[in-house]
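Structure, as structure tokens:
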Amino acid sequence: MACRSLWLTASLAAALLAAPAVATPVLAADQASAVLKDAQGAELGKATLTATPGGVLISLDLTALPAGDHAFHIHAVGKCEPPDFKSAGGHFNPDSTKHGLMNPEGPHAGDMPNLHVPEDGKLKIEVLNPTVTLDAESLLDDDGSAIVIHSGSDDYTSDPAGNAGDRIACGVITK
Ligand SMILES: [Cu+2]
Ligand SMILES: [Zn+2]
């Protein structure tokens with residue numbers, strides 16, 4: 001009896017040891033990222049984008065942004081040319097809607113809630129954008145896309161850009 005239970009224990013241990021080799025492979029998370037830089041090329045933080053069944057989860061890790069309220073969007077072109085970042089185009093808007101989370105004719109797919117940065121310029125948040133994906137039909141289309149932060153806050157209604165002021169940070173979304 002003692003012998004049999006020892007054998008069972010040994011078998012179980014062997015099975016457990018073998019488990020990782022036969023486990024179903026877990027697909028690596030589908031991710032992209034963007035390094036946010038200011039007009040002088042200084043790094044202000046990073047965004048990590050993860051595909052989820054409900055949209056794209058954007059984890060923002062800002063390290064040196066001016067304190068205060070800032071509009072936060074995905075723009076249509078993956079090109080961040082300083083100093084004004086106009087190269088990033090308008091807001092990502094594949095459905096040709098109007099700007100603004102509170103606009104009855106909106107929003108753009110690239111519209112997202114304002115950021116509220118504390119005095120030390122550091123902010124870590126996660127935002128789910130349910131209207132985009134990390135596919136070639138969406139954020140990773142031919143001309144790419146970019147994450148842009150503005151000097152002022154988005155009023156959530158004014159077309160085409162929420163009266164949010166200058167573009168102070170830009171990061172191309174890359175896989
Ligand atoms: Cu913007
Ligand atoms: Zn917009």
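A note on labels: chains of the structure tokens are A, B, ... as shown, every chain counts residues from 1, and ligands are counted from 1 in their shown order.
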
Counting only C-alpha atoms and all ligand atoms, which residues of chain A fall within 6 Å of ligand 2, and what is the closest atom pair for each with its distance in Å at one decimal, ordered by chain and rising number, as a tab-separated table?
residue	atom	partner	partner_atom_place_in_ligand_line	distance
A:His91	CA	ligand 2	1 (Zn)	4.9
A:His99	CA	ligand 2	1 (Zn)	3.9
A:Gly100	CA	ligand 2	1 (Zn)	5.5
A:His108	CA	ligand 2	1 (Zn)	4.7
A:Gly110	CA	ligand 2	1 (Zn)	5.9
A:Asp111	CA	ligand 2	1 (Zn)	4.7
A:Pro160	CA	ligand 2	1 (Zn)	5.9
A:Ala161	CA	ligand 2	1 (Zn)	5.0

Which polymer residues have any atom within 10 Å of an atom of Gly162 (chain A), counting only C-alpha atoms, with same-chain residues fewer than 5 positions away left out, as a PDB file with C-alpha atoms, in the first residue's frame?
ATOM      1  CA  ALA A  71      -6.825  66.555 -24.488  1.00  0.00           C
ATOM      2  CA  HIS A  99     -15.651  65.497 -33.078  1.00  0.00           C
ATOM      3  CA  GLY A 100     -16.556  65.079 -29.469  1.00  0.00           C
ATOM      4  CA  LEU A 101     -17.542  62.519 -26.858  1.00  0.00           C
ATOM      5  CA  ASP A 111     -11.586  60.785 -29.288  1.00  0.00           C
ATOM      6  CA  GLY A 152      -5.465  72.410 -23.253  1.00  0.00           C
ATOM      7  CA  SER A 153      -8.469  70.257 -22.489  1.00  0.00           C
ATOM      8  CA  ASP A 154     -10.971  68.898 -24.998  1.00  0.00           C
ATOM      9  CA  ASP A 155     -14.410  70.521 -24.664  1.00  0.00           C
ATOM     10  CA  TYR A 156     -15.910  67.274 -26.046  1.00  0.00           C
ATOM     11  CA  THR A 157     -18.106  69.120 -28.546  1.00  0.00           C
TER      12      THR A 157
END

**Request:** For region 58-70 of chain A, please output as a PyMOL selection string all residues within 8 Å (counting only C-alpha atoms; exclusion window: fewer than 6 positions along the same chain).
**Result:** chain A and resi 43-50+114-129+149-154+164

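Using only C-alpha atoms, the shortest contact distance between Gly54 (chain A) and any of A:Phe92, A:Ala34, A:Val132, A:Ala76 is found at A:Val132.
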
**Message:** Using only C-alpha atoms for the distances, tell me which of A:Gly78, A:Pro113, A:Gly106, A:Gly171 is nearest to Ala42 (chain A).
**Reply:** A:Gly171

DSSP helix (DSSP H, G or I) residues within chain A, listed as a PDB file with N, CA and C atoms, in the first residue's frame:
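Just written: states30.pdb:
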ATOM      1  N   ALA A   2       1.843   1.275   0.901  1.00  0.00           N
ATOM      2  CA  ALA A   2       2.772   2.409   0.984  1.00  0.00           C
ATOM      3  C   ALA A   2       3.503   2.556  -0.345  1.00  0.00           C
ATOM      4  N   CYS A   3       3.843   1.433  -0.908  1.00  0.00           N
ATOM      5  CA  CYS A   3       4.569   1.405  -2.168  1.00  0.00           C
ATOM      6  C   CYS A   3       3.733   2.015  -3.290  1.00  0.00           C
ATOM      7  N   ARG A   4       2.447   1.632  -3.329  1.00  0.00           N
ATOM      8  CA  ARG A   4       1.541   2.095  -4.376  1.00  0.00           C
ATOM      9  C   ARG A   4       1.351   3.620  -4.284  1.00  0.00           C
ATOM     10  N   SER A   5       1.189   4.108  -3.051  1.00  0.00           N
ATOM     11  CA  SER A   5       0.953   5.549  -2.914  1.00  0.00           C
ATOM     12  C   SER A   5       2.219   6.330  -3.289  1.00  0.00           C
ATOM     13  N   LEU A   6       3.350   5.723  -3.035  1.00  0.00           N
ATOM     14  CA  LEU A   6       4.604   6.363  -3.428  1.00  0.00           C
ATOM     15  C   LEU A   6       4.678   6.453  -4.950  1.00  0.00           C
ATOM     16  N   TRP A   7       4.238   5.372  -5.601  1.00  0.00           N
ATOM     17  CA  TRP A   7       4.245   5.334  -7.075  1.00  0.00           C
ATOM     18  C   TRP A   7       3.308   6.412  -7.638  1.00  0.00           C
ATOM     19  N   LEU A   8       2.125   6.539  -6.991  1.00  0.00           N
ATOM     20  CA  LEU A   8       1.156   7.540  -7.438  1.00  0.00           C
ATOM     21  C   LEU A   8       1.744   8.937  -7.299  1.00  0.00           C
ATOM     22  N   THR A   9       2.396   9.162  -6.175  1.00  0.00           N
ATOM     23  CA  THR A   9       2.998  10.471  -5.928  1.00  0.00           C
ATOM     24  C   THR A   9       4.045  10.771  -6.996  1.00  0.00           C
ATOM     25  N   ALA A  10       4.844   9.750  -7.287  1.00  0.00           N
ATOM     26  CA  ALA A  10       5.890   9.930  -8.297  1.00  0.00           C
ATOM     27  C   ALA A  10       5.276  10.216  -9.665  1.00  0.00           C
ATOM     28  N   SER A  11       4.183   9.500  -9.990  1.00  0.00           N
ATOM     29  CA  SER A  11       3.533   9.706 -11.287  1.00  0.00           C
ATOM     30  C   SER A  11       2.976  11.118 -11.387  1.00  0.00           C
ATOM     31  N   LEU A  12       2.359  11.547 -10.276  1.00  0.00           N
ATOM     32  CA  LEU A  12       1.759  12.872 -10.244  1.00  0.00           C
ATOM     33  C   LEU A  12       2.840  13.925 -10.452  1.00  0.00           C
ATOM     34  N   ALA A  13       3.952  13.729  -9.744  1.00  0.00           N
ATOM     35  CA  ALA A  13       5.056  14.682  -9.875  1.00  0.00           C
ATOM     36  C   ALA A  13       5.551  14.717 -11.312  1.00  0.00           C
ATOM     37  N   ALA A  14       5.642  13.560 -11.931  1.00  0.00           N
ATOM     38  CA  ALA A  14       6.110  13.492 -13.313  1.00  0.00           C
ATOM     39  C   ALA A  14       5.137  14.222 -14.239  1.00  0.00           C
ATOM     40  N   ALA A  15       3.826  14.026 -13.966  1.00  0.00           N
ATOM     41  CA  ALA A  15       2.805  14.664 -14.794  1.00  0.00           C
ATOM     42  C   ALA A  15       2.884  16.187 -14.658  1.00  0.00           C
ATOM     43  N   LEU A  16       3.089  16.631 -13.423  1.00  0.00           N
ATOM     44  CA  LEU A  16       3.174  18.068 -13.187  1.00  0.00           C
ATOM     45  C   LEU A  16       4.396  18.660 -13.873  1.00  0.00           C
ATOM     46  N   LEU A  17       5.500  17.917 -13.800  1.00  0.00           N
ATOM     47  CA  LEU A  17       6.730  18.392 -14.442  1.00  0.00           C
ATOM     48  C   LEU A  17       6.551  18.466 -15.951  1.00  0.00           C
ATOM     49  N   ALA A  18       5.786  17.483 -16.474  1.00  0.00           N
ATOM     50  CA  ALA A  18       5.613  17.421 -17.919  1.00  0.00           C
ATOM     51  C   ALA A  18       4.596  18.445 -18.409  1.00  0.00           C
ATOM     52  N   ALA A  19       3.754  18.921 -17.492  1.00  0.00           N
ATOM     53  CA  ALA A  19       2.638  19.788 -17.882  1.00  0.00           C
ATOM     54  C   ALA A  19       3.012  20.972 -18.772  1.00  0.00           C
ATOM     55  N   PRO A  20       4.068  21.706 -18.438  1.00  0.00           N
ATOM     56  CA  PRO A  20       4.351  22.879 -19.283  1.00  0.00           C
ATOM     57  C   PRO A  20       4.628  22.516 -20.730  1.00  0.00           C
ATOM     58  N   ALA A  21       5.221  21.343 -20.958  1.00  0.00           N
ATOM     59  CA  ALA A  21       5.568  20.939 -22.322  1.00  0.00           C
ATOM     60  C   ALA A  21       4.340  20.608 -23.155  1.00  0.00           C
ATOM     61  N   VAL A  22       3.270  20.129 -22.506  1.00  0.00           N
ATOM     62  CA  VAL A  22       2.091  19.727 -23.279  1.00  0.00           C
ATOM     63  C   VAL A  22       0.948  20.751 -23.163  1.00  0.00           C
ATOM     64  N   LYS A  86       1.681  68.736 -36.797  1.00  0.00           N
ATOM     65  CA  LYS A  86       0.533  68.796 -37.724  1.00  0.00           C
ATOM     66  C   LYS A  86       0.565  67.590 -38.664  1.00  0.00           C
ATOM     67  N   SER A  87       1.765  67.022 -38.838  1.00  0.00           N
ATOM     68  CA  SER A  87       1.932  65.853 -39.715  1.00  0.00           C
ATOM     69  C   SER A  87       1.075  64.664 -39.281  1.00  0.00           C
ATOM     70  N   ALA A  88       0.632  64.655 -38.028  1.00  0.00           N
ATOM     71  CA  ALA A  88      -0.193  63.537 -37.540  1.00  0.00           C
ATOM     72  C   ALA A  88      -1.633  63.627 -38.043  1.00  0.00           C
TER      73      ALA A  88
END

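Closest approach to ligand 1 from the set A:Phe72, A:Asp142, A:Glu81, A:Thr97 is made by A:Phe72, with distances taken over only C-alpha atoms and all ligand atoms.
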
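With distances taken over only C-alpha atoms and all ligand atoms, A:Phe85 is the one residue among A:Leu134, A:Phe85, A:Lys175, A:Lys98 lying closest to ligand 1.
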
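Of the residues under consideration (A:Gly89, A:Thr133, A:Ala169, A:Asp143), A:Ala169 shows the shortest atom-to-atom contact distance to Ala39 (chain A) when counting only C-alpha atoms.
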
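Our summary of the geometry notes that CA of Asp166 (chain A) is positioned 10.0 Å from CA of Pro83 (chain A).
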
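Counting only C-alpha atoms and comparing A:Ile168, A:Val56, A:Ala109, A:Ala146, the residue that lies closest to Pro82 (chain A) is A:Ile168.
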
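When CA of Ala136 (chain A) is paired with CA of Cys80 (chain A), their separation reads 19.5 Å.
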